[in-house]
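Q: Submitted below is the structure of interest, expressed as structure tokens.
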Amino acid sequence: EVQLVESGGGLVQPGGSLRLSCAASGFTFETYSMSWVRQAPGEDLEWVSTIKPDTSITYYRESVKGRFTIARDNAKNTLYLQMNSLKPEDTAIYYCARALIEPWIPRGQGTQVTVSS
């Protein structure tokens with residue numbers, strides 16, 4: 001059974017940083033591309049970033065380029081998202097997904113990120 005468990009969310013002031021983690025199990029993690037997606041209140045799921053299995057190829061939505069960094073540790077079956085210079089518009093539930101397109105399944109239960117002063 002595929003399991004994805006996110007952690008690391010919280011409340012942070014604008015300009016602050018957070019590092020999200022996603023622990024994966026139930027599949028051969030190192031062979032799959034992985035994505036982070038987010039859902040703001042009242043909005044649809046929105047793609048944030050994707051990383052290929054070999055870790056050298058990454059993609060970002062335009063609004064997070066230069067601020068967010070996706071990474072993975074295949075030895076630990078863990079996906080990361082380092083988020084710097086956070087803005088209020090980054091407030092959302094963040095999910096990791098073993099998917100490249102909608103409907104972003106399977107994905108974890110999510111971790112809340114709130115950016116507010």
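We label chains A, B, ... in the order they appear in the structure tokens, count residues from 1 in each chain, and number ligands from 1 in the order shown.
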Could the residues of region 56-76 of chain A that have an atom at most 12 Å from region 86-99 of chain A be listed as a tab-separated table, each with its closest atom pair and the distance in Å to one decimal, counting only C-alpha atoms and ordered by chain and ascending residue number?

A:
```
residue	atom	partner	partner_atom	distance
A:Ser63	CA	A:Asp90	CA	9.3
A:Val64	CA	A:Asp90	CA	8.8
A:Lys65	CA	A:Leu86	CA	11.8
A:Gly66	CA	A:Leu86	CA	11.2
A:Arg67	CA	A:Leu86	CA	7.6
A:Phe68	CA	A:Leu86	CA	8.9
A:Ile70	CA	A:Cys96	CA	10.9
A:Ala71	CA	A:Cys96	CA	11.9
A:Arg72	CA	A:Cys96	CA	11.6
```

Q: Enumerate as a short mmCIF file (atom, residue, chain, number, x, y, z; two decimals) with all heavy atoms, in the first residue's frame all residues of chain A assigned to strand (DSSP E or B) by DSSP on the backbone, naming them with the chain letters and numbers the document uses.

A:
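The file below, result_2.cif, is the result:
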```cif
data_model
loop_
_atom_site.label_atom_id
_atom_site.label_comp_id
_atom_site.auth_asym_id
_atom_site.auth_seq_id
_atom_site.Cartn_x
_atom_site.Cartn_y
_atom_site.Cartn_z
N GLN A 3 2.01 4.77 0.89
CA GLN A 3 1.78 5.72 1.97
C GLN A 3 2.70 6.91 1.79
O GLN A 3 3.90 6.75 1.53
CB GLN A 3 2.02 5.07 3.33
CG GLN A 3 0.92 4.11 3.76
CD GLN A 3 0.94 3.84 5.26
OE1 GLN A 3 1.99 3.76 5.86
NE2 GLN A 3 -0.24 3.68 5.84
N LEU A 4 2.13 8.10 1.93
CA LEU A 4 2.87 9.35 1.85
C LEU A 4 2.46 10.18 3.06
O LEU A 4 1.27 10.48 3.24
CB LEU A 4 2.54 10.09 0.55
CG LEU A 4 2.88 9.34 -0.73
CD1 LEU A 4 2.20 9.99 -1.94
CD2 LEU A 4 4.38 9.28 -0.94
N VAL A 5 3.44 10.54 3.88
CA VAL A 5 3.14 11.25 5.13
C VAL A 5 3.95 12.54 5.16
O VAL A 5 5.18 12.51 5.30
CB VAL A 5 3.45 10.39 6.36
CG1 VAL A 5 3.12 11.17 7.63
CG2 VAL A 5 2.66 9.08 6.31
N GLU A 6 3.25 13.67 5.07
CA GLU A 6 3.90 14.98 5.09
C GLU A 6 4.06 15.49 6.52
O GLU A 6 3.26 15.16 7.41
CB GLU A 6 3.09 16.01 4.30
CG GLU A 6 2.85 15.67 2.85
CD GLU A 6 1.55 14.93 2.63
OE1 GLU A 6 1.04 14.33 3.59
OE2 GLU A 6 1.05 14.95 1.49
N SER A 7 5.07 16.31 6.71
CA SER A 7 5.29 16.97 8.00
C SER A 7 6.08 18.25 7.77
O SER A 7 6.61 18.47 6.66
CB SER A 7 6.05 16.04 8.95
OG SER A 7 7.32 15.71 8.43
N GLY A 10 3.45 24.69 9.41
CA GLY A 10 3.27 25.51 10.60
C GLY A 10 2.93 26.94 10.25
O GLY A 10 2.64 27.26 9.10
N LEU A 11 2.98 27.77 11.28
CA LEU A 11 2.72 29.20 11.13
C LEU A 11 4.06 29.93 11.05
O LEU A 11 4.93 29.73 11.92
CB LEU A 11 1.91 29.72 12.31
CG LEU A 11 1.69 31.23 12.41
CD1 LEU A 11 0.90 31.73 11.22
CD2 LEU A 11 1.00 31.57 13.73
N VAL A 12 4.22 30.77 10.05
CA VAL A 12 5.47 31.50 9.87
C VAL A 12 5.15 32.91 9.40
O VAL A 12 4.14 33.13 8.72
CB VAL A 12 6.39 30.76 8.87
CG1 VAL A 12 5.75 30.67 7.50
CG2 VAL A 12 7.76 31.37 8.81
N LEU A 18 10.33 27.49 5.89
CA LEU A 18 9.89 26.20 6.40
C LEU A 18 10.48 25.12 5.52
O LEU A 18 10.70 25.34 4.31
CB LEU A 18 8.37 26.07 6.40
CG LEU A 18 7.56 26.78 7.48
CD1 LEU A 18 6.07 26.64 7.18
CD2 LEU A 18 7.88 26.23 8.86
N ARG A 19 10.67 23.95 6.09
CA ARG A 19 11.11 22.79 5.32
C ARG A 19 10.09 21.67 5.51
O ARG A 19 9.91 21.18 6.63
CB ARG A 19 12.47 22.30 5.77
CG ARG A 19 13.06 21.21 4.87
CD ARG A 19 14.23 20.54 5.56
NE ARG A 19 15.03 19.74 4.64
CZ ARG A 19 15.83 18.75 5.03
NH1 ARG A 19 15.91 18.44 6.31
NH2 ARG A 19 16.54 18.09 4.14
N LEU A 20 9.44 21.31 4.43
CA LEU A 20 8.48 20.22 4.47
C LEU A 20 9.17 18.91 4.13
O LEU A 20 10.11 18.88 3.33
CB LEU A 20 7.35 20.47 3.47
CG LEU A 20 6.61 21.80 3.57
CD1 LEU A 20 5.47 21.83 2.56
CD2 LEU A 20 6.11 22.05 4.98
N SER A 21 8.69 17.84 4.74
CA SER A 21 9.18 16.50 4.45
C SER A 21 8.01 15.60 4.09
O SER A 21 6.89 15.83 4.53
CB SER A 21 9.92 15.91 5.66
OG SER A 21 11.04 16.67 6.01
N CYS A 22 8.30 14.58 3.31
CA CYS A 22 7.29 13.59 2.94
C CYS A 22 7.95 12.22 3.01
O CYS A 22 8.84 11.92 2.21
CB CYS A 22 6.75 13.87 1.55
SG CYS A 22 5.69 12.56 0.90
N ALA A 23 7.52 11.41 3.95
CA ALA A 23 8.03 10.05 4.10
C ALA A 23 7.20 9.11 3.25
O ALA A 23 5.97 9.05 3.40
CB ALA A 23 7.99 9.64 5.56
N ALA A 24 7.86 8.40 2.36
CA ALA A 24 7.17 7.51 1.42
C ALA A 24 7.43 6.06 1.77
O ALA A 24 8.53 5.70 2.21
CB ALA A 24 7.64 7.79 0.00
N SER A 25 6.42 5.22 1.55
CA SER A 25 6.57 3.79 1.75
C SER A 25 5.57 3.05 0.89
O SER A 25 4.61 3.64 0.37
CB SER A 25 6.36 3.42 3.23
OG SER A 25 5.07 3.76 3.66
N MET A 34 8.32 12.64 -8.26
CA MET A 34 7.46 13.06 -7.14
C MET A 34 7.14 14.54 -7.26
O MET A 34 7.95 15.32 -7.79
CB MET A 34 8.16 12.79 -5.81
CG MET A 34 8.46 11.34 -5.51
SD MET A 34 6.99 10.34 -5.22
CE MET A 34 6.35 11.10 -3.71
N SER A 35 5.98 14.91 -6.76
CA SER A 35 5.54 16.31 -6.87
C SER A 35 5.05 16.84 -5.52
O SER A 35 4.62 16.06 -4.66
CB SER A 35 4.40 16.42 -7.88
OG SER A 35 4.80 16.01 -9.17
N TRP A 36 5.12 18.14 -5.39
CA TRP A 36 4.42 18.86 -4.32
C TRP A 36 3.29 19.65 -4.99
O TRP A 36 3.50 20.31 -6.02
CB TRP A 36 5.35 19.81 -3.60
CG TRP A 36 6.33 19.16 -2.67
CD1 TRP A 36 7.64 18.87 -2.94
CD2 TRP A 36 6.08 18.71 -1.34
NE1 TRP A 36 8.21 18.26 -1.86
CE2 TRP A 36 7.28 18.15 -0.86
CE3 TRP A 36 4.97 18.72 -0.51
CZ2 TRP A 36 7.40 17.62 0.42
CZ3 TRP A 36 5.08 18.18 0.77
CH2 TRP A 36 6.29 17.64 1.23
N VAL A 37 2.12 19.57 -4.37
CA VAL A 37 0.99 20.37 -4.80
C VAL A 37 0.42 21.04 -3.56
O VAL A 37 0.71 20.64 -2.44
CB VAL A 37 -0.09 19.52 -5.51
CG1 VAL A 37 0.47 18.90 -6.78
CG2 VAL A 37 -0.63 18.43 -4.59
N ARG A 38 -0.39 22.06 -3.75
CA ARG A 38 -0.97 22.77 -2.61
C ARG A 38 -2.40 23.18 -2.91
O ARG A 38 -2.80 23.30 -4.07
CB ARG A 38 -0.13 23.99 -2.25
CG ARG A 38 -0.11 25.09 -3.32
CD ARG A 38 0.89 26.17 -2.93
NE ARG A 38 0.91 27.25 -3.92
CZ ARG A 38 1.77 28.26 -3.91
NH1 ARG A 38 2.70 28.34 -2.95
NH2 ARG A 38 1.71 29.20 -4.84
N GLN A 39 -3.14 23.41 -1.84
CA GLN A 39 -4.53 23.84 -1.97
C GLN A 39 -4.81 24.94 -0.98
O GLN A 39 -4.80 24.71 0.24
CB GLN A 39 -5.49 22.67 -1.75
CG GLN A 39 -6.93 23.02 -2.04
CD GLN A 39 -7.82 21.79 -2.10
OE1 GLN A 39 -7.55 20.77 -1.47
NE2 GLN A 39 -8.90 21.88 -2.87
N GLU A 46 -3.14 22.96 -6.72
CA GLU A 46 -2.24 23.71 -7.60
C GLU A 46 -0.86 23.05 -7.55
O GLU A 46 -0.31 22.85 -6.46
CB GLU A 46 -2.18 25.15 -7.10
CG GLU A 46 -1.18 26.05 -7.77
CD GLU A 46 -1.21 27.44 -7.15
OE1 GLU A 46 -0.49 27.64 -6.14
OE2 GLU A 46 -1.94 28.30 -7.67
N TRP A 47 -0.32 22.76 -8.72
CA TRP A 47 1.01 22.16 -8.78
C TRP A 47 2.05 23.18 -8.31
O TRP A 47 1.98 24.36 -8.66
CB TRP A 47 1.31 21.73 -10.21
CG TRP A 47 2.74 21.32 -10.43
CD1 TRP A 47 3.34 20.17 -10.03
CD2 TRP A 47 3.75 22.09 -11.10
NE1 TRP A 47 4.66 20.15 -10.40
CE2 TRP A 47 4.93 21.32 -11.07
CE3 TRP A 47 3.78 23.33 -11.71
CZ2 TRP A 47 6.12 21.77 -11.63
CZ3 TRP A 47 4.94 23.77 -12.27
CH2 TRP A 47 6.11 22.99 -12.23
N VAL A 48 3.05 22.70 -7.55
CA VAL A 48 4.11 23.56 -7.04
C VAL A 48 5.46 23.18 -7.65
O VAL A 48 6.17 24.04 -8.17
CB VAL A 48 4.20 23.47 -5.51
CG1 VAL A 48 5.38 24.29 -4.98
CG2 VAL A 48 2.91 23.94 -4.87
N SER A 49 5.80 21.89 -7.59
CA SER A 49 7.14 21.48 -8.02
C SER A 49 7.17 19.99 -8.26
O SER A 49 6.37 19.23 -7.68
CB SER A 49 8.16 21.86 -6.94
OG SER A 49 9.48 21.53 -7.34
N THR A 50 8.10 19.56 -9.12
CA THR A 50 8.30 18.14 -9.43
C THR A 50 9.78 17.84 -9.50
O THR A 50 10.57 18.68 -9.95
CB THR A 50 7.63 17.79 -10.77
OG1 THR A 50 6.21 17.90 -10.64
CG2 THR A 50 7.97 16.36 -11.21
N ILE A 51 10.15 16.64 -9.07
CA ILE A 51 11.53 16.19 -9.17
C ILE A 51 11.55 14.81 -9.80
O ILE A 51 10.74 13.94 -9.46
CB ILE A 51 12.22 16.20 -7.78
CG1 ILE A 51 13.70 15.86 -7.91
CG2 ILE A 51 11.51 15.26 -6.79
CD1 ILE A 51 14.50 16.15 -6.63
N THR A 58 14.52 19.16 -11.99
CA THR A 58 13.45 19.70 -11.16
C THR A 58 12.66 20.74 -11.94
O THR A 58 13.17 21.35 -12.89
CB THR A 58 14.02 20.36 -9.89
OG1 THR A 58 14.95 21.38 -10.27
CG2 THR A 58 14.72 19.34 -9.01
N TYR A 59 11.42 20.93 -11.54
CA TYR A 59 10.52 21.89 -12.17
C TYR A 59 9.79 22.66 -11.08
O TYR A 59 9.44 22.09 -10.05
CB TYR A 59 9.50 21.18 -13.06
CG TYR A 59 10.09 20.24 -14.09
CD1 TYR A 59 10.28 18.89 -13.79
CD2 TYR A 59 10.45 20.71 -15.35
CE1 TYR A 59 10.82 18.03 -14.74
CE2 TYR A 59 10.99 19.85 -16.29
CZ TYR A 59 11.16 18.52 -15.98
OH TYR A 59 11.70 17.66 -16.92
N TYR A 60 9.49 23.93 -11.37
CA TYR A 60 8.79 24.77 -10.40
C TYR A 60 7.75 25.63 -11.10
O TYR A 60 7.96 26.08 -12.24
CB TYR A 60 9.77 25.71 -9.70
CG TYR A 60 10.85 25.00 -8.92
CD1 TYR A 60 12.08 24.71 -9.49
CD2 TYR A 60 10.64 24.64 -7.59
CE1 TYR A 60 13.07 24.05 -8.78
CE2 TYR A 60 11.63 23.98 -6.86
CZ TYR A 60 12.84 23.70 -7.47
OH TYR A 60 13.81 23.05 -6.76
N PHE A 68 11.61 28.39 -3.54
CA PHE A 68 11.40 27.01 -3.10
C PHE A 68 12.43 26.10 -3.77
O PHE A 68 12.82 26.32 -4.92
CB PHE A 68 10.02 26.51 -3.49
CG PHE A 68 8.87 27.14 -2.74
CD1 PHE A 68 9.03 28.26 -1.93
CD2 PHE A 68 7.59 26.59 -2.84
CE1 PHE A 68 7.97 28.82 -1.24
CE2 PHE A 68 6.52 27.14 -2.16
CZ PHE A 68 6.70 28.27 -1.38
N THR A 69 12.84 25.06 -3.04
CA THR A 69 13.74 24.06 -3.58
C THR A 69 13.22 22.67 -3.24
O THR A 69 13.02 22.35 -2.06
CB THR A 69 15.16 24.21 -3.01
OG1 THR A 69 15.65 25.52 -3.29
CG2 THR A 69 16.10 23.18 -3.62
N ILE A 70 13.00 21.87 -4.27
CA ILE A 70 12.56 20.50 -4.07
C ILE A 70 13.80 19.60 -4.06
O ILE A 70 14.77 19.84 -4.79
CB ILE A 70 11.57 20.06 -5.16
CG1 ILE A 70 10.92 18.72 -4.82
CG2 ILE A 70 12.23 20.01 -6.53
CD1 ILE A 70 9.76 18.35 -5.75
N ALA A 71 13.76 18.59 -3.21
CA ALA A 71 14.88 17.66 -3.12
C ALA A 71 14.37 16.31 -2.66
O ALA A 71 13.23 16.20 -2.18
CB ALA A 71 15.93 18.19 -2.14
N ARG A 72 15.19 15.31 -2.80
CA ARG A 72 14.80 13.97 -2.36
C ARG A 72 16.03 13.22 -1.88
O ARG A 72 17.14 13.45 -2.36
CB ARG A 72 14.12 13.19 -3.48
CG ARG A 72 14.99 12.91 -4.68
CD ARG A 72 14.17 12.41 -5.87
NE ARG A 72 13.52 11.13 -5.59
CZ ARG A 72 12.51 10.65 -6.32
NH1 ARG A 72 12.03 11.35 -7.35
NH2 ARG A 72 11.99 9.48 -6.01
N ASP A 73 15.82 12.33 -0.93
CA ASP A 73 16.85 11.43 -0.46
C ASP A 73 16.33 10.02 -0.72
O ASP A 73 15.51 9.50 0.05
CB ASP A 73 17.13 11.66 1.02
CG ASP A 73 18.29 10.83 1.55
OD1 ASP A 73 18.59 9.78 0.95
OD2 ASP A 73 18.90 11.23 2.56
N THR A 78 12.51 9.78 1.19
CA THR A 78 11.94 11.03 1.68
C THR A 78 12.06 12.13 0.63
O THR A 78 13.10 12.28 -0.01
CB THR A 78 12.63 11.46 2.98
OG1 THR A 78 12.50 10.42 3.95
CG2 THR A 78 11.99 12.73 3.53
N LEU A 79 10.99 12.88 0.51
CA LEU A 79 10.91 14.04 -0.37
C LEU A 79 10.88 15.29 0.50
O LEU A 79 10.30 15.27 1.58
CB LEU A 79 9.63 13.96 -1.21
CG LEU A 79 9.31 15.09 -2.16
CD1 LEU A 79 10.27 15.06 -3.34
CD2 LEU A 79 7.87 14.99 -2.64
N TYR A 80 11.50 16.35 0.01
CA TYR A 80 11.57 17.61 0.77
C TYR A 80 11.11 18.79 -0.08
O TYR A 80 11.16 18.76 -1.31
CB TYR A 80 13.00 17.88 1.23
CG TYR A 80 13.62 16.79 2.06
CD1 TYR A 80 14.48 15.85 1.50
CD2 TYR A 80 13.34 16.70 3.43
CE1 TYR A 80 15.05 14.85 2.27
CE2 TYR A 80 13.90 15.69 4.20
CZ TYR A 80 14.75 14.77 3.61
OH TYR A 80 15.31 13.78 4.37
N LEU A 81 10.69 19.83 0.62
CA LEU A 81 10.45 21.12 -0.03
C LEU A 81 10.94 22.20 0.92
O LEU A 81 10.34 22.43 1.97
CB LEU A 81 8.97 21.33 -0.35
CG LEU A 81 8.68 22.59 -1.16
CD1 LEU A 81 9.25 22.47 -2.58
CD2 LEU A 81 7.16 22.85 -1.23
N GLN A 82 12.04 22.83 0.56
CA GLN A 82 12.57 23.96 1.32
C GLN A 82 11.90 25.22 0.78
O GLN A 82 12.00 25.52 -0.41
CB GLN A 82 14.09 24.06 1.16
CG GLN A 82 14.70 25.25 1.86
CD GLN A 82 14.61 25.16 3.38
OE1 GLN A 82 14.86 24.11 3.95
NE2 GLN A 82 14.24 26.26 4.02
N MET A 83 11.24 25.94 1.67
CA MET A 83 10.50 27.13 1.27
C MET A 83 11.09 28.34 1.99
O MET A 83 11.05 28.41 3.22
CB MET A 83 9.02 26.97 1.62
CG MET A 83 8.40 25.72 1.02
SD MET A 83 6.61 25.63 1.29
CE MET A 83 6.55 25.52 3.06
N ALA A 92 -1.45 27.52 2.41
CA ALA A 92 -2.19 26.42 1.78
C ALA A 92 -1.89 25.13 2.55
O ALA A 92 -1.00 25.10 3.40
CB ALA A 92 -1.78 26.24 0.32
N ILE A 93 -2.65 24.10 2.22
CA ILE A 93 -2.27 22.75 2.63
C ILE A 93 -1.36 22.20 1.54
O ILE A 93 -1.72 22.24 0.36
CB ILE A 93 -3.50 21.85 2.82
CG1 ILE A 93 -4.43 22.42 3.89
CG2 ILE A 93 -3.06 20.44 3.21
CD1 ILE A 93 -5.74 21.69 4.02
N TYR A 94 -0.22 21.70 1.94
CA TYR A 94 0.78 21.17 0.99
C TYR A 94 0.75 19.66 1.03
O TYR A 94 0.80 19.05 2.11
CB TYR A 94 2.16 21.70 1.33
CG TYR A 94 2.37 23.13 0.91
CD1 TYR A 94 1.74 24.17 1.58
CD2 TYR A 94 3.18 23.45 -0.18
CE1 TYR A 94 1.89 25.49 1.17
CE2 TYR A 94 3.35 24.77 -0.59
CZ TYR A 94 2.70 25.78 0.10
OH TYR A 94 2.87 27.08 -0.31
N TYR A 95 0.69 19.06 -0.14
CA TYR A 95 0.65 17.61 -0.29
C TYR A 95 1.83 17.14 -1.14
O TYR A 95 2.18 17.80 -2.13
CB TYR A 95 -0.61 17.18 -1.00
CG TYR A 95 -1.92 17.59 -0.37
CD1 TYR A 95 -2.52 18.80 -0.67
CD2 TYR A 95 -2.58 16.74 0.52
CE1 TYR A 95 -3.72 19.18 -0.10
CE2 TYR A 95 -3.79 17.09 1.09
CZ TYR A 95 -4.35 18.32 0.77
OH TYR A 95 -5.56 18.68 1.33
N CYS A 96 2.37 16.00 -0.79
CA CYS A 96 3.28 15.35 -1.72
C CYS A 96 2.48 14.29 -2.48
O CYS A 96 1.54 13.69 -1.95
CB CYS A 96 4.48 14.72 -1.03
SG CYS A 96 4.13 13.34 0.06
N ALA A 97 2.83 14.11 -3.73
CA ALA A 97 2.09 13.20 -4.60
C ALA A 97 3.04 12.39 -5.45
O ALA A 97 4.04 12.93 -5.97
CB ALA A 97 1.13 13.99 -5.49
N ARG A 107 -1.65 10.79 -3.07
CA ARG A 107 -1.01 11.88 -2.34
C ARG A 107 -1.25 11.66 -0.85
O ARG A 107 -2.08 10.85 -0.46
CB ARG A 107 -1.55 13.25 -2.76
CG ARG A 107 -3.01 13.49 -2.51
CD ARG A 107 -3.39 14.91 -2.92
NE ARG A 107 -4.81 15.18 -2.69
CZ ARG A 107 -5.75 15.06 -3.61
NH1 ARG A 107 -5.44 14.63 -4.82
NH2 ARG A 107 -7.01 15.33 -3.32
N THR A 111 0.01 18.88 4.89
CA THR A 111 0.48 19.61 6.06
C THR A 111 0.17 21.10 5.83
O THR A 111 0.40 21.63 4.74
CB THR A 111 1.98 19.37 6.30
OG1 THR A 111 2.38 20.00 7.52
CG2 THR A 111 2.85 19.87 5.17
N GLN A 112 -0.36 21.75 6.85
CA GLN A 112 -0.82 23.13 6.73
C GLN A 112 0.36 24.09 6.84
O GLN A 112 1.16 24.01 7.78
CB GLN A 112 -1.85 23.45 7.80
CG GLN A 112 -2.31 24.90 7.83
CD GLN A 112 -3.20 25.24 6.65
OE1 GLN A 112 -4.14 24.51 6.34
NE2 GLN A 112 -2.90 26.34 5.97
N VAL A 113 0.43 25.01 5.89
CA VAL A 113 1.40 26.10 5.94
C VAL A 113 0.62 27.41 5.98
O VAL A 113 -0.21 27.66 5.10
CB VAL A 113 2.33 26.08 4.72
CG1 VAL A 113 3.20 27.34 4.67
CG2 VAL A 113 3.21 24.83 4.74
N THR A 114 0.86 28.20 7.01
CA THR A 114 0.19 29.49 7.15
C THR A 114 1.25 30.58 7.26
O THR A 114 2.11 30.52 8.14
CB THR A 114 -0.71 29.52 8.38
OG1 THR A 114 -1.67 28.46 8.29
CG2 THR A 114 -1.45 30.85 8.49
N VAL A 115 1.17 31.54 6.36
CA VAL A 115 2.13 32.65 6.35
C VAL A 115 1.36 33.92 6.72
O VAL A 115 0.53 34.41 5.97
CB VAL A 115 2.78 32.81 4.97
CG1 VAL A 115 3.86 33.91 5.03
CG2 VAL A 115 3.38 31.49 4.51
#
```

Q: Assign secondary structure with DSSP using the backbone only, and return the residues of region 6-104 of chain A in helix (DSSP H, G or I) as a list in words.

A: Phe29, Glu30, Thr31, Glu62, Ser63, Val64, Pro88, Glu89 and Asp90 of chain A

Q: From the options A:Pro103, A:Gly108, A:Ser85, A:Leu45, which residue's atoms come nearest to Gly15 (chain A), counting only C-alpha atoms?

A: A:Ser85
